[in-house]
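Below: entry12.tsv (TSV, C-alpha atoms)
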chain	number	residue	atom	x	y	z
A	1	MET	CA	-5.08	-15.71	-37.32
A	2	LEU	CA	-8.23	-14.19	-38.76
A	3	LYS	CA	-10.19	-15.69	-35.89
A	4	LEU	CA	-7.92	-14.04	-33.32
A	5	LYS	CA	-8.50	-10.70	-35.01
A	6	PHE	CA	-12.20	-11.00	-34.32
A	7	ILE	CA	-11.94	-12.52	-30.85
A	8	LEU	CA	-9.29	-10.10	-29.54
A	9	PRO	CA	-11.57	-7.04	-29.19
A	10	PHE	CA	-14.03	-9.20	-27.32
A	11	ILE	CA	-11.32	-10.43	-24.94
A	12	ILE	CA	-10.11	-6.88	-24.34
A	13	PHE	CA	-13.67	-5.75	-23.73
A	14	SER	CA	-14.25	-8.56	-21.24
A	15	LEU	CA	-11.05	-7.72	-19.36
A	16	LEU	CA	-12.09	-4.08	-19.19
A	17	VAL	CA	-15.52	-5.04	-17.84
A	18	VAL	CA	-13.88	-7.16	-15.14
A	19	LEU	CA	-11.48	-4.33	-14.26
A	20	LEU	CA	-14.24	-1.73	-14.01
A	21	PHE	CA	-16.49	-4.09	-12.09
A	22	VAL	CA	-13.78	-4.71	-9.50
A	23	GLY	CA	-13.25	-0.95	-9.35
A	24	LEU	CA	-16.95	-0.40	-8.70
A	25	SER	CA	-17.10	-2.91	-5.88
A	26	ASN	CA	-14.17	-1.23	-4.07
A	27	ASP	CA	-15.11	1.35	-1.50
A	28	PRO	CA	-13.16	4.53	-2.27
A	29	ARG	CA	-13.71	5.74	1.29
A	30	LYS	CA	-11.45	2.96	2.53
A	31	VAL	CA	-8.02	4.38	2.01
A	32	PRO	CA	-5.28	1.90	2.98
A	33	SER	CA	-3.32	3.21	5.93
A	34	PRO	CA	0.47	3.53	5.57
A	35	LEU	CA	0.67	2.91	9.32
A	36	VAL	CA	-0.11	-0.81	9.03
A	37	GLY	CA	3.11	-2.71	9.74
A	38	LYS	CA	4.61	0.24	11.59
A	39	PRO	CA	4.93	0.87	15.34
A	40	THR	CA	2.15	2.90	16.95
A	41	PRO	CA	2.91	6.62	16.90
A	42	GLY	CA	3.72	7.56	20.49
A	43	PHE	CA	1.51	9.90	22.46
A	44	GLU	CA	0.58	10.85	25.98
A	45	LEU	CA	-3.08	11.76	26.49
A	46	PRO	CA	-5.27	12.32	29.56
A	47	GLN	CA	-7.69	9.56	30.49
A	48	LEU	CA	-11.42	10.21	30.36
A	49	LYS	CA	-12.20	8.85	33.82
A	50	ASP	CA	-9.45	10.77	35.53
A	51	PRO	CA	-7.80	13.48	33.39
A	52	SER	CA	-4.95	13.76	35.88
A	53	LYS	CA	-3.83	10.28	34.78
A	54	SER	CA	-2.44	9.81	31.33
A	55	PHE	CA	-2.36	7.01	28.81
A	56	ASN	CA	0.42	6.14	26.42
A	57	PRO	CA	0.70	3.14	24.06
A	58	ASP	CA	3.89	1.88	25.70
A	59	MET	CA	1.82	0.93	28.75
A	60	LEU	CA	0.42	-1.95	26.70
A	61	LYS	CA	3.68	-3.39	25.37
A	62	GLY	CA	3.49	-7.17	25.40
A	63	LYS	CA	-0.29	-7.19	25.03
A	64	VAL	CA	-2.60	-7.46	22.04
A	65	TRP	CA	-4.90	-4.44	22.06
A	66	LEU	CA	-7.16	-2.37	19.93
A	67	LEU	CA	-7.49	1.36	19.62
A	68	ASN	CA	-11.00	2.39	18.71
A	69	ILE	CA	-11.37	5.98	17.54
A	70	TRP	CA	-14.81	7.29	18.48
A	71	ALA	CA	-16.73	10.42	19.39
A	72	SER	CA	-20.14	11.16	20.83
A	73	TRP	CA	-21.01	13.21	17.73
A	74	CYS	CA	-20.26	10.28	15.40
A	75	SER	CA	-23.29	8.35	14.19
A	76	GLY	CA	-21.26	5.41	12.86
A	77	CYS	CA	-19.85	4.92	16.34
A	78	ARG	CA	-23.34	4.32	17.66
A	79	VAL	CA	-23.84	1.68	14.99
A	80	GLU	CA	-20.74	-0.27	15.95
A	81	HIS	CA	-21.01	0.25	19.69
A	82	PRO	CA	-23.12	-2.87	20.48
A	83	ILE	CA	-20.55	-4.93	18.55
A	84	LEU	CA	-17.74	-3.49	20.66
A	85	ASN	CA	-19.72	-4.25	23.81
A	86	GLU	CA	-20.07	-7.81	22.55
A	87	LEU	CA	-16.33	-8.06	21.93
A	88	ALA	CA	-15.64	-6.63	25.41
A	89	LYS	CA	-17.74	-9.41	26.95
A	90	ARG	CA	-15.46	-12.01	25.42
A	91	LYS	CA	-12.44	-10.45	27.18
A	92	MET	CA	-10.08	-11.35	24.36
A	93	LEU	CA	-7.93	-8.26	24.37
A	94	THR	CA	-7.40	-4.86	25.95
A	95	MET	CA	-9.75	-2.32	24.41
A	96	VAL	CA	-8.64	1.27	24.36
A	97	GLY	CA	-11.10	3.99	23.40
A	98	PHE	CA	-9.75	7.07	21.67
A	99	ASN	CA	-12.17	9.92	22.16
A	100	TYR	CA	-11.59	12.17	19.17
A	101	LYS	CA	-12.47	15.86	19.13
A	102	ASP	CA	-15.08	15.54	21.82
A	103	THR	CA	-15.79	17.00	25.23
A	104	ASN	CA	-15.34	14.90	28.36
A	105	ASP	CA	-18.91	15.62	29.45
A	106	ASP	CA	-20.44	14.39	26.20
A	107	ALA	CA	-18.16	11.36	26.07
A	108	THR	CA	-18.95	10.33	29.65
A	109	LYS	CA	-22.70	10.71	29.09
A	110	TRP	CA	-22.48	8.73	25.87
A	111	LEU	CA	-20.69	5.81	27.56
A	112	ALA	CA	-23.18	5.87	30.44
A	113	GLN	CA	-26.02	5.65	27.95
A	114	PHE	CA	-24.68	3.01	25.55
A	115	GLY	CA	-22.32	1.03	27.78
A	116	ASN	CA	-18.57	1.18	28.15
A	117	PRO	CA	-16.59	-1.56	26.41
A	118	TYR	CA	-13.24	0.16	27.01
A	119	ASP	CA	-10.61	-0.70	29.56
A	120	VAL	CA	-9.32	2.82	29.26
A	121	VAL	CA	-10.31	5.87	27.20
A	122	ALA	CA	-7.76	8.44	26.04
A	123	THR	CA	-9.06	11.88	25.14
A	124	ASP	CA	-7.74	13.79	22.16
A	125	GLN	CA	-9.80	16.95	22.24
A	126	ASP	CA	-7.99	18.94	19.58
A	127	GLY	CA	-7.42	15.93	17.30
A	128	SER	CA	-3.66	16.42	17.09
A	129	VAL	CA	-2.81	12.83	18.02
A	130	GLY	CA	-5.61	11.61	15.76
A	131	PHE	CA	-3.81	13.40	12.97
A	132	ASP	CA	-0.67	11.33	13.63
A	133	TYR	CA	-2.82	8.21	13.32
A	134	GLY	CA	-4.17	9.40	9.98
A	135	VAL	CA	-7.72	9.60	11.29
A	136	TYR	CA	-9.99	11.01	8.61
A	137	GLY	CA	-13.38	9.63	9.52
A	138	VAL	CA	-14.53	8.08	12.75
A	139	PRO	CA	-15.03	5.29	13.63
A	140	GLU	CA	-11.68	3.70	12.90
A	141	THR	CA	-10.12	0.79	14.76
A	142	PHE	CA	-6.46	-0.19	14.95
A	143	PHE	CA	-5.29	-3.63	16.02
A	144	ILE	CA	-1.89	-3.67	17.68
A	145	ASP	CA	0.26	-6.71	18.38
A	146	LYS	CA	2.44	-7.55	21.37
A	147	LYS	CA	5.42	-5.72	19.91
A	148	GLY	CA	3.43	-2.51	19.53
A	149	ILE	CA	3.12	-2.84	15.75
A	150	ILE	CA	-0.13	-1.81	14.07
A	151	ARG	CA	-1.27	-4.93	12.25
A	152	TYR	CA	-4.65	-3.96	10.88
A	153	LYS	CA	-6.84	-0.91	10.51
A	154	HIS	CA	-10.58	-1.27	10.24
A	155	ILE	CA	-12.20	1.77	8.64
A	156	GLY	CA	-15.82	2.54	9.39
A	157	PRO	CA	-18.24	0.84	11.77
A	158	VAL	CA	-17.39	-2.73	12.78
A	159	SER	CA	-20.24	-5.04	11.84
A	160	TYR	CA	-21.03	-8.34	13.48
A	161	LYS	CA	-19.86	-10.07	10.32
A	162	ASP	CA	-16.53	-8.18	10.43
A	163	LEU	CA	-16.15	-9.22	14.04
A	164	THR	CA	-16.77	-12.93	13.61
A	165	GLU	CA	-15.21	-13.44	10.20
A	166	LYS	CA	-12.24	-11.11	10.25
A	167	LEU	CA	-11.46	-9.54	13.59
A	168	ILE	CA	-11.76	-12.44	16.01
A	169	PRO	CA	-9.55	-14.71	13.87
A	170	LEU	CA	-7.08	-11.81	13.63
A	171	ILE	CA	-7.07	-11.30	17.40
A	172	LYS	CA	-6.53	-15.03	17.94
A	173	GLN	CA	-3.66	-15.00	15.49
A	174	LEU	CA	-2.04	-11.98	17.14
A	175	LYS	CA	-2.41	-13.55	20.57
A	176	ALA	CA	-0.79	-16.76	19.37
A	177	GLU	CA	2.31	-14.85	18.29
A	178	THR	CA	5.10	-14.49	20.80
B	1	MET	CA	-43.04	40.13	-9.95
B	2	ARG	CA	-40.07	42.37	-10.34
B	3	SER	CA	-39.76	42.97	-6.65
B	4	PHE	CA	-39.97	39.22	-6.14
B	5	ILE	CA	-37.04	38.64	-8.45
B	6	THR	CA	-35.10	41.37	-6.68
B	7	LEU	CA	-35.87	39.70	-3.39
B	8	LEU	CA	-34.77	36.35	-4.75
B	9	PHE	CA	-31.54	37.83	-6.01
B	10	LEU	CA	-30.89	39.55	-2.71
B	11	SER	CA	-31.50	36.34	-0.81
B	12	LEU	CA	-28.90	34.60	-2.98
B	13	VAL	CA	-26.43	37.35	-2.21
B	14	GLN	CA	-27.25	36.89	1.45
B	15	ILE	CA	-26.57	33.15	1.26
B	16	ASN	CA	-23.24	33.78	-0.38
B	17	PHE	CA	-22.25	36.09	2.41
B	18	VAL	CA	-23.14	33.46	4.96
B	19	LEU	CA	-21.24	30.69	3.16
B	20	ALA	CA	-18.12	32.69	2.48
B	21	GLN	CA	-15.51	31.80	5.04
B	22	VAL	CA	-12.16	33.40	4.96
B	23	GLU	CA	-9.08	32.10	6.68
B	24	PHE	CA	-6.65	34.80	7.58
B	25	ARG	CA	-3.04	33.81	7.60
B	26	THR	CA	-0.03	35.97	8.04
B	27	PHE	CA	2.93	34.78	6.04
B	28	LYS	CA	6.52	35.74	6.68
B	29	ASN	CA	7.14	36.39	3.01
B	30	THR	CA	5.60	35.89	-0.42
B	31	GLU	CA	7.65	32.74	-1.03
B	32	GLN	CA	6.05	31.11	2.00
B	33	GLU	CA	2.62	32.17	0.81
B	34	ARG	CA	3.34	30.71	-2.62
B	35	GLN	CA	4.47	27.41	-1.09
B	36	TYR	CA	1.37	27.30	1.08
B	37	ASN	CA	-0.87	27.79	-1.92
B	38	VAL	CA	0.96	25.14	-3.94
B	39	LEU	CA	0.67	22.65	-1.08
B	40	ILE	CA	-3.01	23.13	-0.36
B	41	ASP	CA	-3.59	22.84	-4.08
B	42	GLU	CA	-1.69	19.54	-4.42
B	43	LEU	CA	-2.88	17.79	-1.26
B	44	ARG	CA	-6.16	15.96	-1.24
B	45	CYS	CA	-8.77	16.10	1.46
B	46	LEU	CA	-9.58	12.55	2.56
B	47	VAL	CA	-13.11	13.29	3.60
B	48	CYS	CA	-14.35	14.90	0.41
B	49	GLN	CA	-12.11	12.89	-1.84
B	50	ASN	CA	-12.44	14.83	-5.04
B	51	GLN	CA	-11.43	18.08	-3.49
B	52	ASN	CA	-8.05	19.41	-2.56
B	53	LEU	CA	-7.32	21.17	0.71
B	54	LYS	CA	-7.87	24.51	-0.94
B	55	ASP	CA	-11.42	23.69	-2.03
B	56	SER	CA	-12.63	21.67	0.89
B	57	ASN	CA	-14.47	23.12	3.81
B	58	SER	CA	-14.44	19.96	5.92
B	59	ASP	CA	-13.01	19.91	9.42
B	60	LEU	CA	-10.23	17.59	8.38
B	61	ALA	CA	-9.21	19.88	5.52
B	62	LYS	CA	-9.09	22.80	7.97
B	63	ASP	CA	-6.87	20.79	10.31
B	64	MET	CA	-4.64	19.81	7.42
B	65	ARG	CA	-4.38	23.41	6.19
B	66	ASN	CA	-3.49	24.48	9.72
B	67	LYS	CA	-0.86	21.76	9.84
B	68	VAL	CA	0.61	22.83	6.51
B	69	PHE	CA	0.70	26.42	7.69
B	70	SER	CA	2.25	25.64	11.05
B	71	MET	CA	4.90	23.41	9.47
B	72	LEU	CA	5.77	26.14	6.97
B	73	SER	CA	5.99	28.62	9.83
B	74	ASP	CA	8.39	26.25	11.57
B	75	GLY	CA	10.64	26.49	8.54
B	76	LYS	CA	9.82	23.09	7.06
B	77	ASN	CA	10.09	22.83	3.28
B	78	LYS	CA	7.62	21.37	0.83
B	79	ASP	CA	9.17	17.88	0.76
B	80	ASP	CA	9.10	17.62	4.56
B	81	ILE	CA	5.42	18.52	4.65
B	82	VAL	CA	4.45	16.17	1.83
B	83	GLU	CA	6.39	13.35	3.53
B	84	HIS	CA	4.67	14.14	6.83
B	85	MET	CA	1.24	13.88	5.19
B	86	VAL	CA	2.04	10.73	3.21
B	87	ALA	CA	3.35	9.00	6.37
B	88	ARG	CA	-0.08	9.49	7.96
B	89	TYR	CA	-2.55	9.34	5.12
B	90	GLY	CA	-0.71	7.41	2.43
B	91	ASP	CA	-0.09	8.25	-1.23
B	92	PHE	CA	-3.78	8.94	-1.63
B	93	VAL	CA	-3.26	12.35	-0.06
B	94	LEU	CA	-1.29	13.39	-3.14
B	95	TYR	CA	-3.23	14.49	-6.17
B	96	LYS	CA	-0.21	13.61	-8.26
B	97	PRO	CA	0.59	9.96	-7.48
B	98	PRO	CA	4.27	9.01	-7.10
B	99	PHE	CA	5.91	6.91	-9.78
B	100	LYS	CA	6.32	3.41	-8.33
B	101	SER	CA	5.51	-0.20	-9.14
B	102	ILE	CA	1.82	-0.13	-8.22
B	103	THR	CA	1.21	3.15	-10.03
B	104	LEU	CA	3.16	2.07	-13.10
B	105	LEU	CA	0.06	1.31	-15.15
B	106	LEU	CA	-1.44	4.63	-14.14
B	107	TRP	CA	1.56	6.53	-15.43
B	108	ILE	CA	2.45	4.58	-18.56
B	109	GLY	CA	-1.12	3.46	-19.35
B	110	PRO	CA	-1.97	6.41	-21.62
B	111	LEU	CA	1.35	6.06	-23.44
B	112	LEU	CA	0.73	2.33	-23.80
B	113	PHE	CA	-2.70	2.94	-25.30
B	114	PHE	CA	-1.24	5.53	-27.66
B	115	VAL	CA	1.46	3.10	-28.83
B	116	ILE	CA	-1.13	0.33	-29.38
B	117	ALA	CA	-3.37	2.72	-31.31
B	118	PHE	CA	-0.47	4.02	-33.39
B	119	VAL	CA	0.78	0.54	-34.29
B	120	SER	CA	-2.76	-0.55	-35.20
B	121	VAL	CA	-3.29	2.45	-37.47
B	122	VAL	CA	0.05	1.91	-39.19
B	123	ARG	CA	-0.76	-1.76	-39.76
B	124	ILE	CA	-4.24	-1.04	-41.11
B	125	VAL	CA	-2.96	1.64	-43.47
B	126	LYS	CA	-0.18	-0.64	-44.68
B	127	SER	CA	-2.54	-3.54	-45.37
B	128	ARG	CA	-4.83	-1.21	-47.36
B	129	ASN	CA	-1.92	-0.12	-49.54
B	130	GLN	CA	-1.09	-3.75	-50.20
B	131	ASP	CA	-4.70	-4.39	-51.26
B	132	GLU	CA	-4.41	-1.64	-53.83
B	133	VAL	CA	-1.17	-3.05	-55.24
B	134	THR	CA	-2.63	-6.53	-55.68
B	135	THR	CA	-5.77	-5.28	-57.40
B	136	LYS	CA	-3.87	-3.37	-60.10
B	137	LEU	CA	-5.34	-4.27	-63.49
B	138	SER	CA	-3.39	-5.60	-66.37
B	139	GLU	CA	-3.59	-3.74	-69.69
B	140	ALA	CA	-6.13	-6.21	-71.13
B	141	GLU	CA	-8.34	-6.07	-68.07
B	142	HIS	CA	-8.14	-2.32	-68.10
B	143	GLN	CA	-9.37	-2.22	-71.71
B	144	ARG	CA	-12.18	-4.60	-70.95
B	145	ALA	CA	-13.30	-2.51	-68.00
B	146	GLU	CA	-13.16	0.58	-70.18
B	147	ALA	CA	-15.29	-1.12	-72.81
B	148	LEU	CA	-17.85	-2.21	-70.26
B	149	LEU	CA	-18.06	1.20	-68.61
B	150	ASN	CA	-18.19	3.21	-71.83
B	151	PRO	CA	-19.81	1.02	-74.49
B	152	SER	CA	-20.64	4.04	-76.72
B	153	ASP	CA	-17.10	5.15	-77.59
B	154	LYS	CA	-15.12	1.93	-77.85
B	155	ASN	CA	-12.23	3.37	-79.86
B	156	LYS	CA	-11.48	6.39	-77.74
B	157	ASP	CA	-8.15	6.56	-75.85
B	158	LYS	CA	-7.33	2.88	-75.39
B	159	THR	CA	-4.01	3.54	-73.69
B	160	ALA	CA	-5.38	5.67	-70.87
Would you give me this structure, written as structure tokens?
Amino acid sequence: MLKLKFILPFIIFSLLVVLLFVGLSNDPRKVPSPLVGKPTPGFELPQLKDPSKSFNPDMLKGKVWLLNIWASWCSGCRVEHPILNELAKRKMLTMVGFNYKDTNDDATKWLAQFGNPYDVVATDQDGSVGFDYGVYGVPETFFIDKKGIIRYKHIGPVSYKDLTEKLIPLIKQLKAET
Amino acid sequence: MRSFITLLFLSLVQINFVLAQVEFRTFKNTEQERQYNVLIDELRCLVCQNQNLKDSNSDLAKDMRNKVFSMLSDGKNKDDIVEHMVARYGDFVLYKPPFKSITLLLWIGPLLFFVIAFVSVVRIVKSRNQDEVTTKLSEAEHQRAEALLNPSDKNKDKTA
């Protein structure tokens, strides 16, 4: 009993260290999205290539797709762009770009310069649809399953490691679902 | 030197003028204005995470303030607006976290620590009292201690 009295503070201290250490290694910028597990919020936005045409998420029902929020003014988007180009080459899923608070001119130039991995780009110039998606820092990427449910949200630039270790297995899993 | 300080001071004033940004809003009534101020005080900006919407000057905070204002103008009440924000940004948007299973420790943690501390103090104090009781001297021991402490006046006040 006496022994426990001396060991207990040490145990509590160790637990606290573990707790704080885990807390330190978490990235506070990555706020879990309440949208994961919910259907995509509906919207109708003009396409970048031809603003007279529109895009809405229902067009992709039955397909696995990703929605990548980007902007020409966003430096993180430049970092992840080669990775997205790489993913586009593999033709695993439909890739939708979501041009957030940008001008069509800048966006078009940017894609011409760095390559266009997107099958279609929707433009949200005033950011109102982005608001419905809880966008708070570009780049952000949503992965949507065949039923139109958001299954995963990647916050921040996608790295090659994210792509090979997390995202490609996820895409394969989503594609295997009926 | 003095003119330099004056210049320095004036330049600071200048900077303040440049930084000061005022948002003009026209409220229907004072109640709406009060609700607006409460909401932008209680909602967190997700970009600059330790600031609320009132403090933050980020683009997102501006958008969120505009949203709060437009929803209030549309006659939405506080709960509607909070729900609207939580549905998009999660509980993190609230400065005051809701009481639910994952926030349980957050809410009852301080109380828990207080109870542990209180019980510990009570136990320590009790055990000290017990020590005193057990070390009470018998009459003979008391006399011996007295004799050892005051060898000069052995006969004085033996019953004390």
Please identify every residue of chain B that has at least one atom no more than 6 Å from any atom of chain A, counting all atoms listed in the file, and report them as a ChimeraX atom specification.
/B:88-90
Tell me, as a JSON list (two decimals) with C-alpha atoms, keeping the file's coordinate frame, which residues lie within 8 Å of Thr94 (chain A), counting only C-alpha atoms; anything in the same chain fewer than 3 positions away does not count.
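Once written, out_3.json looks like this:
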[["chain", "number", "residue", "atom", "x", "y", "z"],
["A", 63, "LYS", "CA", -0.29, -7.19, 25.03],
["A", 64, "VAL", "CA", -2.60, -7.46, 22.04],
["A", 65, "TRP", "CA", -4.90, -4.44, 22.06],
["A", 66, "LEU", "CA", -7.16, -2.37, 19.93],
["A", 91, "LYS", "CA", -12.44, -10.45, 27.18],
["A", 118, "TYR", "CA", -13.24, 0.16, 27.01],
["A", 119, "ASP", "CA", -10.61, -0.70, 29.56]]
Just give me the residues with any atom within 12 Å of (-18.7, -4.2, 14.1), file coordinates, counting all atoms listed in the file, written as a compact mmCIF listing (two decimals) with C-alpha atoms, in the frame of the given file.
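Output file part.txt follows:
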# COMPACT_ATOMS: atom_id res chain seq x y z
CA ASN A 68 -11.00 2.39 18.71
CA GLY A 76 -21.26 5.41 12.86
CA CYS A 77 -19.85 4.92 16.34
CA ARG A 78 -23.34 4.32 17.66
CA VAL A 79 -23.84 1.68 14.99
CA GLU A 80 -20.74 -0.27 15.95
CA HIS A 81 -21.01 0.25 19.69
CA PRO A 82 -23.12 -2.87 20.48
CA ILE A 83 -20.55 -4.93 18.55
CA LEU A 84 -17.74 -3.49 20.66
CA ASN A 85 -19.72 -4.25 23.81
CA GLU A 86 -20.07 -7.81 22.55
CA LEU A 87 -16.33 -8.06 21.93
CA ALA A 88 -15.64 -6.63 25.41
CA PRO A 139 -15.03 5.29 13.63
CA GLU A 140 -11.68 3.70 12.90
CA THR A 141 -10.12 0.79 14.76
CA HIS A 154 -10.58 -1.27 10.24
CA ILE A 155 -12.20 1.77 8.64
CA GLY A 156 -15.82 2.54 9.39
CA PRO A 157 -18.24 0.84 11.77
CA VAL A 158 -17.39 -2.73 12.78
CA SER A 159 -20.24 -5.04 11.84
CA TYR A 160 -21.03 -8.34 13.48
CA LYS A 161 -19.86 -10.07 10.32
CA ASP A 162 -16.53 -8.18 10.43
CA LEU A 163 -16.15 -9.22 14.04
CA THR A 164 -16.77 -12.93 13.61
CA GLU A 165 -15.21 -13.44 10.20
CA LYS A 166 -12.24 -11.11 10.25
CA LEU A 167 -11.46 -9.54 13.59
CA ILE A 168 -11.76 -12.44 16.01
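With distances restricted to all atoms listed in the file, A:Gln125 is the closest residue to Lys101 (chain A) from A:Lys153, A:Gln125, A:Ser75, A:Gly115.
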List the neighbours of Val120 (chain A) out to 7 Å using all atoms listed in the file; skip same-chain residues closer than 2 positions along the sequence, and give me the result as a PDB file with C-alpha atoms, in the frame of the given file.
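Listing of part.pdb after writing:
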ATOM      1  CA  VAL A  96      -8.640   1.270  24.360  1.00  0.00           C
ATOM      2  CA  GLY A  97     -11.100   3.990  23.400  1.00  0.00           C
ATOM      3  CA  TYR A 118     -13.240   0.160  27.010  1.00  0.00           C
ATOM      4  CA  ALA A 122      -7.760   8.440  26.040  1.00  0.00           C
TER       5      ALA A 122
END
Go through B:Asn150, B:Asn66, B:Thr6, B:Asn129 and flag the residue nearest Ile40 (chain B), using only C-alpha atoms for the distances.
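Closest residue, counting only C-alpha atoms: B:Asn66.
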What gap, in Å, lies between CA of Ala112 (chain A) and CA of Gln47 (chain A)?
15.9 Å
Pairwise distance for CA of Val138 (chain A) and CA of Cys74 (chain A), rounded to one decimal in Å
6.7 Å
Quick one: distance from CA of Val129 (chain A) to CA of Phe43 (chain A) in Å, one decimal?
6.9 Å
Neighbour list for Lys62 (chain B) as a PyMOL selection string, cut-off 10 Å, only C-alpha atoms, skip fewer than 5 positions in-chain:
chain B and resi 23+45+53-54+56-57+67-68
Give as number ranges by chain the set of residues within 9 Å of the point (3.9, 1.9, 11.8), where distances use the file's coordinates and only C-alpha atoms.
A: 34-41, 148-151; B: 87
For the residues in that selection, give me C-alpha atoms as a short mmCIF file (atom, residue, chain, number, x, y, z; two decimals), in the frame of the given file.
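result_9.cif, written as the output of this step:
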data_model
loop_
_atom_site.label_atom_id
_atom_site.label_comp_id
_atom_site.auth_asym_id
_atom_site.auth_seq_id
_atom_site.Cartn_x
_atom_site.Cartn_y
_atom_site.Cartn_z
CA PRO A 34 0.47 3.53 5.57
CA LEU A 35 0.67 2.91 9.32
CA VAL A 36 -0.11 -0.81 9.03
CA GLY A 37 3.11 -2.71 9.74
CA LYS A 38 4.61 0.24 11.59
CA PRO A 39 4.93 0.87 15.34
CA THR A 40 2.15 2.90 16.95
CA PRO A 41 2.91 6.62 16.90
CA GLY A 148 3.43 -2.51 19.53
CA ILE A 149 3.12 -2.84 15.75
CA ILE A 150 -0.13 -1.81 14.07
CA ARG A 151 -1.27 -4.93 12.25
CA ALA B 87 3.35 9.00 6.37
#
